[in-house]
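Data block for final-v2.csv (CSV, C-alpha atoms and all ligand atoms):
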chain,number,residue,atom,x,y,z
A,94,MET,CA,112.1,125.1,119.6
A,95,THR,CA,108.9,124.3,117.8
A,96,LEU,CA,108.3,124.9,114.2
A,97,LEU,CA,104.7,125.6,114.3
A,98,THR,CA,104.4,127.7,117.3
A,99,HIS,CA,102.3,130.6,115.9
A,100,SER,CA,98.7,130.5,116.7
A,101,SER,CA,98.2,132.6,113.7
A,102,ALA,CA,99.5,129.8,111.5
A,103,SER,CA,96.6,128.4,109.6
A,104,PRO,CA,96.2,124.7,109.8
A,105,SER,CA,95.9,124.8,106.0
A,106,THR,CA,99.1,126.4,105.2
A,107,SER,CA,102.1,124.7,103.7
A,108,LEU,CA,104.2,123.1,106.3
A,109,ALA,CA,107.4,122.9,104.3
A,110,ALA,CA,107.6,126.6,104.0
A,111,ARG,CA,106.9,127.0,107.6
A,112,SER,CA,109.7,124.7,108.7
A,113,PHE,CA,112.1,126.4,106.5
A,114,LEU,CA,111.4,129.8,107.9
A,115,ARG,CA,111.6,128.7,111.4
A,116,ALA,CA,114.8,126.9,111.1
A,117,PRO,CA,117.9,128.9,112.1
A,118,PRO,CA,119.6,128.4,108.7
A,119,PHE,CA,116.7,130.1,107.0
A,120,ARG,CA,116.6,132.9,109.4
A,121,ALA,CA,120.2,133.6,108.8
A,122,HIS,CA,119.8,133.9,105.1
A,123,VAL,CA,116.4,135.5,104.8
A,124,ALA,CA,116.6,138.3,107.2
A,125,PRO,CA,113.9,137.5,109.8
A,126,SER,CA,112.5,140.9,109.8
A,127,THR,CA,111.2,140.4,106.3
A,128,ILE,CA,109.3,137.4,107.2
A,129,PRO,CA,106.0,138.0,109.0
A,130,SER,CA,105.6,135.6,111.8
A,131,PRO,CA,102.4,134.1,110.5
A,132,PHE,CA,104.3,132.7,107.6
A,133,ARG,CA,107.1,131.1,109.5
A,134,PRO,CA,105.9,127.6,110.0
A,135,ARG,CA,105.6,126.1,106.5
A,136,LEU,CA,107.4,123.6,104.4
A,137,LEU,CA,107.2,120.0,105.5
A,138,ARG,CA,108.4,116.7,104.4
A,139,LEU,CA,106.7,113.6,104.8
A,140,ARG,CA,106.9,110.0,103.9
A,141,ALA,CA,104.3,107.4,103.6
A,142,SER,CA,104.6,103.9,104.9
A,143,PRO,CA,104.0,100.8,102.9
A,144,ARG,CA,101.7,98.4,104.7
A,145,VAL,CA,98.4,99.4,106.0
A,146,LYS,CA,96.6,98.1,109.0
A,147,ALA,CA,93.0,98.9,108.5
A,148,THR,CA,91.1,99.2,111.7
A,149,LEU,CA,88.2,97.2,110.5
A,150,THR,CA,88.6,95.7,107.1
A,151,VAL,CA,91.1,95.3,104.3
A,152,ASP,CA,89.8,94.6,100.8
A,153,SER,CA,92.6,93.1,98.7
A,154,PRO,CA,94.9,96.1,98.5
A,155,THR,CA,97.3,96.2,95.6
A,156,THR,CA,100.7,95.0,96.6
A,157,GLY,CA,103.2,97.7,96.2
A,158,GLY,CA,106.3,99.2,97.8
A,159,ALA,CA,109.9,98.5,97.9
A,160,SER,CA,111.3,95.3,99.2
A,161,SER,CA,114.6,93.6,98.9
A,162,PRO,CA,114.4,91.0,96.0
A,163,ASN,CA,113.6,88.2,98.4
A,164,GLY,CA,112.7,90.1,101.5
A,165,PRO,CA,109.7,91.8,103.1
A,166,PRO,CA,108.8,95.4,102.3
A,167,ILE,CA,110.6,98.0,104.2
A,168,VAL,CA,108.4,99.9,106.6
A,169,LEU,CA,108.7,103.7,106.3
A,170,LEU,CA,105.9,104.9,108.5
A,171,GLU,CA,104.1,103.0,111.2
A,172,VAL,CA,101.2,104.6,113.0
A,173,LYS,CA,99.7,102.6,115.9
A,174,ASP,CA,96.4,103.4,117.7
A,175,LEU,CA,97.0,107.2,117.3
A,176,LYS,CA,94.7,109.4,119.3
A,177,ALA,CA,94.9,113.1,119.3
A,178,VAL,CA,92.9,116.1,120.7
A,179,ILE,CA,92.6,119.7,119.8
A,180,LYS,CA,94.9,121.3,122.3
A,181,GLU,CA,92.7,124.3,123.0
A,182,SER,CA,89.4,122.5,123.6
A,183,GLY,CA,90.5,118.9,124.4
A,184,GLN,CA,88.1,117.6,121.8
A,185,GLU,CA,89.2,114.2,120.5
A,186,ILE,CA,89.6,114.1,116.7
A,187,LEU,CA,91.8,111.1,116.1
A,188,ARG,CA,90.4,108.1,117.9
A,189,GLY,CA,92.9,105.3,117.2
A,190,VAL,CA,94.4,105.5,113.7
A,191,ASN,CA,96.5,102.6,112.4
A,192,LEU,CA,98.5,102.8,109.3
A,193,ILE,CA,101.6,101.3,107.8
A,194,ILE,CA,103.3,102.7,104.8
A,195,ASN,CA,106.2,100.8,103.2
A,196,GLU,CA,108.9,102.3,101.0
A,197,GLY,CA,107.7,102.9,97.5
A,198,GLU,CA,104.0,102.8,98.3
A,199,ILE,CA,101.3,105.3,97.4
A,200,HIS,CA,98.4,105.6,99.9
A,201,ALA,CA,95.3,107.6,99.6
A,202,ILE,CA,93.0,108.7,102.4
A,203,MET,CA,89.5,109.6,101.6
A,204,GLY,CA,86.6,110.4,103.9
A,205,LYS,CA,83.7,112.7,104.5
A,206,ASN,CA,84.3,116.4,105.3
A,207,GLY,CA,85.4,116.6,109.0
A,208,SER,CA,86.3,113.0,109.3
A,209,GLY,CA,89.9,113.9,110.5
A,210,LYS,CA,92.0,113.5,107.4
A,211,SER,CA,93.8,116.8,107.6
A,212,THR,CA,94.1,116.5,111.3
A,213,PHE,CA,95.8,113.2,110.9
A,214,SER,CA,98.4,114.6,108.5
A,215,LYS,CA,99.0,117.7,110.6
A,216,VAL,CA,99.5,115.6,113.7
A,217,LEU,CA,102.1,113.6,111.7
A,218,VAL,CA,104.0,116.8,111.0
A,219,GLY,CA,103.8,118.1,114.5
A,220,HIS,CA,101.2,120.9,114.1
A,221,PRO,CA,100.9,122.7,117.5
A,222,ASP,CA,97.1,122.8,117.5
A,223,TYR,CA,97.0,119.2,118.4
A,224,GLU,CA,98.1,117.0,121.2
A,225,VAL,CA,98.7,113.3,120.9
A,226,THR,CA,97.2,111.5,123.8
A,227,GLU,CA,97.8,107.9,122.9
A,228,GLY,CA,99.6,105.7,120.4
A,229,SER,CA,102.8,105.9,118.5
A,230,VAL,CA,104.3,107.0,115.2
A,231,SER,CA,107.5,105.6,113.9
A,232,PHE,CA,109.2,107.0,110.8
A,233,LYS,CA,112.2,105.2,109.4
A,234,GLY,CA,112.4,103.4,112.8
A,235,GLN,CA,112.6,106.6,114.8
A,236,ASN,CA,109.9,108.0,117.1
A,237,LEU,CA,108.4,110.8,115.1
A,238,LEU,CA,106.4,112.1,118.0
A,239,ASP,CA,109.6,113.0,119.9
A,240,MET,CA,110.8,115.2,117.1
A,241,GLU,CA,110.3,118.9,116.6
A,242,PRO,CA,108.5,119.7,113.3
A,243,GLU,CA,111.7,120.9,111.6
A,244,GLU,CA,113.4,117.6,112.6
A,245,ARG,CA,110.6,115.7,111.0
A,246,SER,CA,111.3,117.7,107.8
A,247,HIS,CA,115.0,117.0,108.1
A,248,VAL,CA,114.4,113.2,108.3
A,249,GLY,CA,112.5,113.2,105.1
A,250,LEU,CA,108.9,114.2,105.8
A,251,PHE,CA,107.2,116.7,103.5
A,252,MET,CA,103.7,118.0,103.7
A,253,SER,CA,101.9,120.3,101.3
A,254,PHE,CA,98.8,122.0,102.8
A,255,GLN,CA,95.4,122.7,101.3
A,256,SER,CA,96.2,126.5,101.1
A,257,PRO,CA,99.8,127.3,100.7
A,258,VAL,CA,100.9,130.5,102.5
A,259,GLU,CA,102.5,133.5,100.9
A,260,ILE,CA,105.9,134.7,102.0
A,261,PRO,CA,106.4,138.4,101.1
A,262,GLY,CA,109.9,139.6,100.7
A,263,VAL,CA,111.4,136.1,100.0
A,264,SER,CA,111.9,135.0,96.4
A,265,ASN,CA,110.9,131.5,95.4
A,266,PHE,CA,114.4,130.9,94.2
A,267,ASP,CA,116.0,132.0,97.5
A,268,PHE,CA,113.5,130.0,99.5
A,269,LEU,CA,114.1,126.8,97.5
A,270,LEU,CA,117.9,127.3,97.7
A,271,MET,CA,117.8,127.7,101.4
A,272,ALA,CA,115.6,124.7,101.8
A,273,PHE,CA,117.7,122.6,99.6
A,274,ASN,CA,120.9,123.5,101.4
A,275,ALA,CA,119.4,122.9,104.8
A,276,ARG,CA,118.5,119.4,103.7
A,277,ARG,CA,122.1,118.9,102.4
A,278,ARG,CA,123.5,120.2,105.6
A,279,ASN,CA,121.4,117.7,107.5
A,280,LYS,CA,122.9,115.0,105.3
A,281,GLY,CA,126.4,116.3,106.0
A,282,LEU,CA,126.8,117.7,102.4
A,283,PRO,CA,128.2,121.1,101.5
A,284,PRO,CA,125.8,123.8,100.3
A,285,VAL,CA,125.4,124.4,96.6
A,286,GLU,CA,126.0,127.8,95.1
A,287,PRO,CA,123.1,129.7,93.4
A,288,LEU,CA,124.4,129.1,89.9
A,289,GLU,CA,124.6,125.4,90.4
A,290,PHE,CA,121.2,125.3,92.0
A,291,TYR,CA,119.7,127.2,89.1
A,292,SER,CA,120.7,124.5,86.7
A,293,LEU,CA,119.3,122.0,89.1
A,294,VAL,CA,115.9,123.7,89.7
A,295,THR,CA,115.1,124.8,86.1
A,296,PRO,CA,114.4,121.4,84.7
A,297,LYS,CA,112.1,120.8,87.6
A,298,VAL,CA,110.3,124.0,86.9
A,299,ALA,CA,110.0,123.0,83.2
A,300,ALA,CA,108.7,119.6,84.2
A,301,LEU,CA,105.8,121.3,86.0
A,302,ASN,CA,105.1,123.5,83.1
A,303,MET,CA,105.8,126.5,85.3
A,304,ASN,CA,107.0,129.8,83.9
A,305,PRO,CA,110.7,130.2,85.1
A,306,LYS,CA,109.7,133.8,86.1
A,307,PHE,CA,108.0,132.2,89.1
A,308,LEU,CA,111.5,131.6,90.6
A,309,ASP,CA,111.9,135.4,90.9
A,310,ARG,CA,108.5,136.1,92.4
A,311,ASN,CA,108.0,136.1,96.2
A,312,VAL,CA,106.9,132.7,97.5
A,313,ASN,CA,103.3,132.2,96.5
A,314,GLU,CA,102.6,136.0,96.5
A,315,GLY,CA,99.9,136.7,94.0
A,316,PHE,CA,100.0,133.1,92.8
A,317,SER,CA,96.7,131.6,91.7
A,318,GLY,CA,95.4,128.6,93.6
A,319,GLY,CA,96.7,126.3,90.9
A,320,GLU,CA,100.1,128.0,90.7
A,321,LYS,CA,100.5,127.6,94.5
A,322,LYS,CA,99.8,123.9,94.2
A,323,ARG,CA,102.4,123.6,91.4
A,324,ASN,CA,104.8,125.5,93.6
A,325,GLU,CA,104.3,123.0,96.4
A,326,ILE,CA,105.2,120.2,94.1
A,327,LEU,CA,108.2,122.1,93.0
A,328,GLN,CA,109.3,122.3,96.7
A,329,LEU,CA,108.7,118.6,97.0
A,330,ALA,CA,110.8,117.9,93.8
A,331,VAL,CA,113.6,120.1,95.2
A,332,LEU,CA,113.6,118.6,98.6
A,333,GLU,CA,113.4,115.0,97.5
A,334,ALA,CA,111.5,113.9,100.6
A,335,GLU,CA,111.1,110.3,101.4
A,336,LEU,CA,107.5,110.6,102.4
A,337,ALA,CA,105.3,113.3,100.8
A,338,ILE,CA,101.9,114.0,102.4
A,339,LEU,CA,99.8,115.8,99.9
A,340,ASP,CA,96.6,117.3,101.4
A,341,GLU,CA,94.1,117.8,98.6
A,342,ILE,CA,96.7,118.7,96.1
A,343,ASP,CA,94.0,118.4,93.4
A,344,SER,CA,91.8,121.1,94.8
A,345,GLY,CA,91.4,124.1,92.6
A,346,LEU,CA,93.5,122.6,89.8
A,347,ASP,CA,92.2,122.8,86.2
A,348,VAL,CA,92.5,119.7,84.1
A,349,ASP,CA,95.9,120.6,82.6
A,350,ALA,CA,97.3,121.6,85.9
A,351,LEU,CA,96.1,118.4,87.5
A,352,GLN,CA,97.9,116.4,84.8
A,353,ASP,CA,101.1,118.4,85.2
A,354,VAL,CA,101.0,118.0,89.0
A,355,ALA,CA,100.3,114.3,88.8
A,356,LYS,CA,102.9,113.8,86.2
A,357,ALA,CA,105.4,115.6,88.4
A,358,VAL,CA,104.5,113.5,91.4
A,359,ASN,CA,104.8,110.3,89.4
A,360,GLY,CA,108.1,111.5,88.1
A,361,LEU,CA,109.4,111.8,91.7
A,362,LEU,CA,108.5,108.3,92.7
A,363,THR,CA,111.3,105.9,93.3
A,364,PRO,CA,111.3,102.5,94.9
A,365,ASN,CA,112.2,104.3,98.2
A,366,ASN,CA,109.8,107.2,98.1
A,367,SER,CA,106.3,107.1,99.3
A,368,VAL,CA,103.3,109.3,99.1
A,369,LEU,CA,100.3,109.8,101.3
A,370,MET,CA,97.5,111.6,99.5
A,371,ILE,CA,94.4,113.1,100.9
A,372,THR,CA,91.7,113.6,98.3
A,373,HIS,CA,88.0,113.6,97.8
A,374,TYR,CA,88.1,112.6,94.2
A,375,LEU,CA,88.8,109.5,92.1
A,376,ARG,CA,90.2,111.7,89.3
A,377,LEU,CA,93.5,112.3,91.2
A,378,LEU,CA,93.9,108.6,91.8
A,379,GLU,CA,93.4,107.9,88.1
A,380,TYR,CA,96.6,109.9,87.5
A,381,ILE,CA,98.6,108.8,90.6
A,382,ASN,CA,97.7,105.2,91.1
A,383,PRO,CA,97.6,104.3,94.8
A,384,ASN,CA,98.5,100.9,96.2
A,385,TYR,CA,96.0,101.4,99.0
A,386,VAL,CA,92.9,103.5,99.5
A,387,HIS,CA,91.8,104.1,103.1
A,388,ILE,CA,88.5,105.5,104.2
A,389,MET,CA,88.5,107.6,107.3
A,390,GLU,CA,85.5,108.2,109.4
A,391,ASP,CA,85.2,109.9,112.7
A,392,GLY,CA,88.9,109.8,113.4
A,393,ILE,CA,89.7,106.2,112.5
A,394,ILE,CA,90.4,104.3,109.3
A,395,ILE,CA,87.3,102.2,108.9
A,396,LYS,CA,88.2,100.5,105.6
A,397,THR,CA,91.2,99.8,103.4
A,398,GLY,CA,91.3,98.6,99.8
A,399,ASP,CA,92.7,99.4,96.4
A,400,VAL,CA,91.5,101.9,93.9
A,401,SER,CA,88.3,100.0,93.4
A,402,LEU,CA,87.2,101.3,96.7
A,403,ALA,CA,87.5,104.9,95.4
A,404,LYS,CA,85.6,103.9,92.3
A,405,GLN,CA,82.8,102.4,94.5
A,406,LEU,CA,82.8,105.6,96.5
A,407,GLU,CA,82.4,107.7,93.4
A,408,LYS,CA,79.5,105.6,92.3
A,409,GLU,CA,77.7,104.9,95.5
A,410,GLY,CA,78.8,107.6,97.9
A,411,TYR,CA,79.8,106.9,101.5
A,412,ARG,CA,76.5,105.1,102.1
A,413,GLY,CA,77.8,102.4,99.8
A,414,ILE,CA,80.9,101.8,101.8
A,415,SER,CA,80.2,98.9,104.1
A,416,VAL,CA,82.6,98.1,107.0
A,417,SER,CA,81.2,94.7,107.6
B,501,LIG,N1,92.4,123.6,115.2
B,501,LIG,C1,91.1,123.2,115.3
B,501,LIG,N2,90.2,123.8,116.0
B,501,LIG,C2,88.9,123.5,116.1
B,501,LIG,N3,88.4,122.4,115.4
B,501,LIG,C3,89.2,121.7,114.7
B,501,LIG,C4,90.6,122.0,114.5
B,501,LIG,N4,91.2,121.1,113.7
B,501,LIG,C5,90.3,120.3,113.3
B,501,LIG,N5,89.1,120.6,113.9
B,501,LIG,C6,87.8,119.9,113.7
B,501,LIG,O1,88.1,118.5,113.6
B,501,LIG,C7,87.3,117.9,112.7
B,501,LIG,C8,88.2,117.2,111.6
B,501,LIG,O2,88.8,118.2,110.8
B,501,LIG,P1,89.7,117.9,109.6
B,501,LIG,O3,90.1,119.1,109.0
B,501,LIG,O4,90.8,116.9,110.0
B,501,LIG,O5,88.7,117.1,108.6
B,501,LIG,P2,88.9,116.6,107.1
B,501,LIG,O6,88.5,115.2,107.1
B,501,LIG,O7,90.3,116.9,106.6
B,501,LIG,O8,87.8,117.5,106.4
B,501,LIG,P3,87.7,118.1,104.9
B,501,LIG,O9,87.5,116.9,104.0
B,501,LIG,O10,86.5,119.0,105.0
B,501,LIG,O11,89.0,118.8,104.6
B,501,LIG,C9,86.4,119.0,112.1
B,501,LIG,O12,85.2,118.9,112.8
B,501,LIG,C10,87.1,120.2,112.4
B,501,LIG,O13,86.3,121.3,112.6
Could you show the structure in this file as structure tokens?
Ligand SMILES: Nc1ncnc2c1ncn2[C@@H]1O[C@H](COP(=O)(O)OP(=O)(O)OP(=O)(O)O)[C@@H](O)[C@H]1O
Amino acid sequence: MTLLTHSSASPSTSLAARSFLRAPPFRAHVAPSTIPSPFRPRLLRLRASPRVKATLTVDSPTTGGASSPNGPPIVLLEVKDLKAVIKESGQEILRGVNLIINEGEIHAIMGKNGSGKSTFSKVLVGHPDYEVTEGSVSFKGQNLLDMEPEERSHVGLFMSFQSPVEIPGVSNFDFLLMAFNARRRNKGLPPVEPLEFYSLVTPKVAALNMNPKFLDRNVNEGFSGGEKKRNEILQLAVLEAELAILDEIDSGLDVDALQDVAKAVNGLLTPNNSVLMITHYLRLLEYINPNYVHIMEDGIIIKTGDVSLAKQLEKEGYRGISVS
């Protein structure tokens, strides 16, 4: 079974929600008939890996990530020479991506419109529009490409999409509870009851400066763009993914919302959790400080550095980014 099998599923929708709704435990609780098929493939979990292999150059990236006191960093995600095409047309979008993310590291991918950033993240979570033609992806030592999208979510990958989907008929609270219990089931833990979950989720709602009434509303239904983004981070906070892929989480956020979301993401970071952010703007990286910044161009990472690379980009544009 594939999580993202619906052609109607927009590439820009939230993967985590989709995974949830496709997985049998969710269908059992939510009454499938109430969930329109376009909304099934959603919620996704992702983890970022610590080290980065830039294809061309590496400019003194900040050292980050978890490591044993005397040992090397622990690799979470390792992407090697990843090539992928659009299934329908066969057009190659990813042309050999290399990336390593260690536990505890924050990575940012920047790049011009259409350079392949979102495609890369969607390929990582198993979006059905794309086919991997070459290369490998290992997550926590396991072959990610062999896993169905929901399995990727279960092993600790979360992805928030540019435009989170709405799920009519399913309350945010029920959705989060189902997702949370599915994750627990996967860890061999018993489910929590709604009352217990309520005490667990309300502090997270407060931390995001969200109105608790959002828990009663249907998932993302009628939410503003910024509210949807906050809701995505709430999902991430509840699911405690080991690698969070955040695709333009800053888009459409007002200044206060950006700070709330960034604060929440920072609050979720532990030495074992990693984040891979896709963004166009330095402002997000000023709140969530990345260990590495990568520049993607035409389906490959052409340069890797630290946040100074994003600053240079802001000042000089992509013309100023030299790969020599
Ligand atoms: N499912 C698809 N069908 C057709 N073309 C696609 C599909 N997915 C990606 N593409 C094309 O692949 C290229 C890379 O798209 P992608 O969304 O990955 O870029 P991006 O770097 O995330 O861009 P942006 O910064 O504008 O979000 C674009 O030319 C896009 O039109």
Where does chain A meet ligand LIG 501 (chain B) within 10 Å, residue by residue, with the nearest atom pair and distance in Å to one decimal for each, counting only C-alpha atoms and all ligand atoms, listed by chain and rising number, as a Markdown table?
| residue | atom | partner | partner_atom | distance |
| --- | --- | --- | --- | --- |
| A:Ser100 | CA | B:LIG501 | N1 | 9.5 |
| A:Ser103 | CA | B:LIG501 | N1 | 8.5 |
| A:Pro104 | CA | B:LIG501 | N1 | 6.7 |
| A:Ser105 | CA | B:LIG501 | O3 | 8.7 |
| A:Val178 | CA | B:LIG501 | N4 | 8.8 |
| A:Ile179 | CA | B:LIG501 | C1 | 5.9 |
| A:Lys180 | CA | B:LIG501 | N1 | 7.9 |
| A:Glu181 | CA | B:LIG501 | N2 | 7.4 |
| A:Ser182 | CA | B:LIG501 | C2 | 7.6 |
| A:Gly183 | CA | B:LIG501 | C2 | 9.6 |
| A:Gln184 | CA | B:LIG501 | N3 | 8.0 |
| A:Glu185 | CA | B:LIG501 | O1 | 8.2 |
| A:Ile186 | CA | B:LIG501 | O1 | 5.6 |
| A:Leu187 | CA | B:LIG501 | C8 | 8.4 |
| A:Ile202 | CA | B:LIG501 | O6 | 9.2 |
| A:Met203 | CA | B:LIG501 | O6 | 7.9 |
| A:Gly204 | CA | B:LIG501 | O6 | 6.1 |
| A:Lys205 | CA | B:LIG501 | O9 | 5.7 |
| A:Asn206 | CA | B:LIG501 | O10 | 3.4 |
| A:Gly207 | CA | B:LIG501 | O5 | 3.4 |
| A:Ser208 | CA | B:LIG501 | O6 | 3.8 |
| A:Gly209 | CA | B:LIG501 | O4 | 3.2 |
| A:Lys210 | CA | B:LIG501 | O7 | 3.9 |
| A:Ser211 | CA | B:LIG501 | O7 | 3.6 |
| A:Thr212 | CA | B:LIG501 | O4 | 3.6 |
| A:Phe213 | CA | B:LIG501 | O4 | 6.3 |
| A:Ser214 | CA | B:LIG501 | O4 | 8.1 |
| A:Lys215 | CA | B:LIG501 | O4 | 8.3 |
| A:Val216 | CA | B:LIG501 | O4 | 9.5 |
| A:His220 | CA | B:LIG501 | N1 | 9.3 |
| A:Pro221 | CA | B:LIG501 | N1 | 8.9 |
| A:Asp222 | CA | B:LIG501 | N1 | 5.3 |
| A:Tyr223 | CA | B:LIG501 | N1 | 7.1 |
| A:Gln255 | CA | B:LIG501 | O11 | 8.2 |
| A:Asp340 | CA | B:LIG501 | O7 | 8.2 |
| A:Glu341 | CA | B:LIG501 | O11 | 7.9 |
| A:Ile371 | CA | B:LIG501 | O7 | 8.0 |
| A:Thr372 | CA | B:LIG501 | O9 | 7.8 |
| A:His373 | CA | B:LIG501 | O9 | 7.0 |
| A:Met389 | CA | B:LIG501 | O6 | 7.6 |
| A:Glu390 | CA | B:LIG501 | O6 | 8.0 |
| A:Asp391 | CA | B:LIG501 | C8 | 8.0 |
| A:Gly392 | CA | B:LIG501 | C8 | 7.6 |
Mind writing the picked residues with C-alpha atoms as a PDB file, in the coordinates of the input?
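As a result, selection-v3.pdb now contains:
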ATOM      1  CA  SER A 100      98.700 130.500 116.700  1.00  0.00           C
ATOM      2  CA  SER A 103      96.600 128.400 109.600  1.00  0.00           C
ATOM      3  CA  PRO A 104      96.200 124.700 109.800  1.00  0.00           C
ATOM      4  CA  SER A 105      95.900 124.800 106.000  1.00  0.00           C
ATOM      5  CA  VAL A 178      92.900 116.100 120.700  1.00  0.00           C
ATOM      6  CA  ILE A 179      92.600 119.700 119.800  1.00  0.00           C
ATOM      7  CA  LYS A 180      94.900 121.300 122.300  1.00  0.00           C
ATOM      8  CA  GLU A 181      92.700 124.300 123.000  1.00  0.00           C
ATOM      9  CA  SER A 182      89.400 122.500 123.600  1.00  0.00           C
ATOM     10  CA  GLY A 183      90.500 118.900 124.400  1.00  0.00           C
ATOM     11  CA  GLN A 184      88.100 117.600 121.800  1.00  0.00           C
ATOM     12  CA  GLU A 185      89.200 114.200 120.500  1.00  0.00           C
ATOM     13  CA  ILE A 186      89.600 114.100 116.700  1.00  0.00           C
ATOM     14  CA  LEU A 187      91.800 111.100 116.100  1.00  0.00           C
ATOM     15  CA  ILE A 202      93.000 108.700 102.400  1.00  0.00           C
ATOM     16  CA  MET A 203      89.500 109.600 101.600  1.00  0.00           C
ATOM     17  CA  GLY A 204      86.600 110.400 103.900  1.00  0.00           C
ATOM     18  CA  LYS A 205      83.700 112.700 104.500  1.00  0.00           C
ATOM     19  CA  ASN A 206      84.300 116.400 105.300  1.00  0.00           C
ATOM     20  CA  GLY A 207      85.400 116.600 109.000  1.00  0.00           C
ATOM     21  CA  SER A 208      86.300 113.000 109.300  1.00  0.00           C
ATOM     22  CA  GLY A 209      89.900 113.900 110.500  1.00  0.00           C
ATOM     23  CA  LYS A 210      92.000 113.500 107.400  1.00  0.00           C
ATOM     24  CA  SER A 211      93.800 116.800 107.600  1.00  0.00           C
ATOM     25  CA  THR A 212      94.100 116.500 111.300  1.00  0.00           C
ATOM     26  CA  PHE A 213      95.800 113.200 110.900  1.00  0.00           C
ATOM     27  CA  SER A 214      98.400 114.600 108.500  1.00  0.00           C
ATOM     28  CA  LYS A 215      99.000 117.700 110.600  1.00  0.00           C
ATOM     29  CA  VAL A 216      99.500 115.600 113.700  1.00  0.00           C
ATOM     30  CA  HIS A 220     101.200 120.900 114.100  1.00  0.00           C
ATOM     31  CA  PRO A 221     100.900 122.700 117.500  1.00  0.00           C
ATOM     32  CA  ASP A 222      97.100 122.800 117.500  1.00  0.00           C
ATOM     33  CA  TYR A 223      97.000 119.200 118.400  1.00  0.00           C
ATOM     34  CA  GLN A 255      95.400 122.700 101.300  1.00  0.00           C
ATOM     35  CA  ASP A 340      96.600 117.300 101.400  1.00  0.00           C
ATOM     36  CA  GLU A 341      94.100 117.800  98.600  1.00  0.00           C
ATOM     37  CA  ILE A 371      94.400 113.100 100.900  1.00  0.00           C
ATOM     38  CA  THR A 372      91.700 113.600  98.300  1.00  0.00           C
ATOM     39  CA  HIS A 373      88.000 113.600  97.800  1.00  0.00           C
ATOM     40  CA  MET A 389      88.500 107.600 107.300  1.00  0.00           C
ATOM     41  CA  GLU A 390      85.500 108.200 109.400  1.00  0.00           C
ATOM     42  CA  ASP A 391      85.200 109.900 112.700  1.00  0.00           C
ATOM     43  CA  GLY A 392      88.900 109.800 113.400  1.00  0.00           C
TER      44      GLY A 392
END
How many Å separate atom CA of A:Val354 from atom CA of A:Glu320?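 Here the two named atoms are 10.2 Å from each other.
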What lies within 10 Å of A:Glu286 using all atoms listed in the file, ignoring chain neighbours under 5 positions off, as a list in words? Leu270, Asn274 and Tyr291 of chain A
For A:Ile393, work out the shell of residues within 6 Å, counting all atoms listed in the file and skipping chain neighbours fewer than 5 positions away, then give it as a list of chain:residue names. A:Arg188, A:Gly189, A:Val190
Selected residue, from A:Leu361, A:Glu289, A:Phe268, A:Val168, that lies nearest to A:Phe307 when counting all atoms listed in the file: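 Closest residue, counting all atoms listed in the file: A:Phe268.
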Hey, can you check how far atom CA of A:Ile414 sits from atom CA of A:Lys176?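 Pair atom CA of A:Ile414 / atom CA of A:Lys176 returns 23.5 Å.
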Long-range neighbours of stretch 226-239 of chain A as a list in words, 8 Å cut-off, all atoms listed in the file, 5 positions minimum in chain: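 So the residues in contact are Arg140, Val168, Leu169, Leu170, Glu171, Val172, Lys173, Asp174, Leu175, Lys176, Ala177, Val178, Gly189, Leu217, Gly219 and Arg245 of chain A.
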To one decimal place, how far is atom CA of A:His387 from atom CA of A:Leu406 in Å?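 Computed distance, atom CA of A:His387 to atom CA of A:Leu406, equals 11.3 Å.
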Restricting the calculation to all atoms listed in the file, which member of A:Thr363, A:Leu269, A:Ser292, A:Val285 is positioned closest to A:Asp309?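 Closest to A:Asp309, using all atoms listed in the file: A:Leu269.
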Go through A:Leu369, A:Val258, A:Ala275, A:Ile167 one by one, measure the shortest atom-to-atom distance of each to A:Asn324 using all atoms listed in the file, and give the residue with the smallest value.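 Checking each candidate against A:Asn324, we get A:Val258 as the closest.
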Long-range neighbours of A:Asp349 as an NGL selection string, 12 Å cut-off, all atoms listed in the file, 3 positions minimum in chain: :A and (301-303 or 319-320 or 323 or 343 or 345-346 or 352-356 or 380)
Rank A:Ala350, A:Ile338, A:Leu327, A:Val294 by their smallest atom-to-atom distance to A:Ser246, using all atoms listed in the file, and report the top residue only. A:Ile338
Return the single residue from A:His200, A:Lys297, A:His247, A:Lys322 that is closest to A:Arg276, with distances computed using only C-alpha atoms.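 Answer, going by the shortest atom-to-atom distance: A:His247.
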Nearest-residue call for A:Tyr374, choices A:Lys280, A:Arg310, A:Lys404, A:Lys396, using only C-alpha atoms: A:Lys404
Complete stretch 282-287 of chain A at the level of N, CA and C atoms, written as a short mmCIF file (atom, residue, chain, number, x, y, z; two decimals), in the frame of the given file.
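Output contents, as saved in rebuild.cif:
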data_model
loop_
_atom_site.label_atom_id
_atom_site.label_comp_id
_atom_site.auth_asym_id
_atom_site.auth_seq_id
_atom_site.Cartn_x
_atom_site.Cartn_y
_atom_site.Cartn_z
N LEU A 282 126.29 117.24 103.73
CA LEU A 282 126.80 117.70 102.40
C LEU A 282 127.04 119.16 102.39
N PRO A 283 128.01 119.63 101.59
CA PRO A 283 128.20 121.10 101.50
C PRO A 283 127.10 121.77 100.74
N PRO A 284 126.89 123.05 101.01
CA PRO A 284 125.80 123.80 100.30
C PRO A 284 126.19 123.93 98.81
N VAL A 285 125.17 124.07 97.97
CA VAL A 285 125.40 124.40 96.60
C VAL A 285 125.31 125.88 96.36
N GLU A 286 126.04 126.38 95.37
CA GLU A 286 126.00 127.80 95.10
C GLU A 286 124.75 128.09 94.19
N PRO A 287 124.30 129.36 94.19
CA PRO A 287 123.10 129.70 93.40
C PRO A 287 123.13 129.27 91.96
#
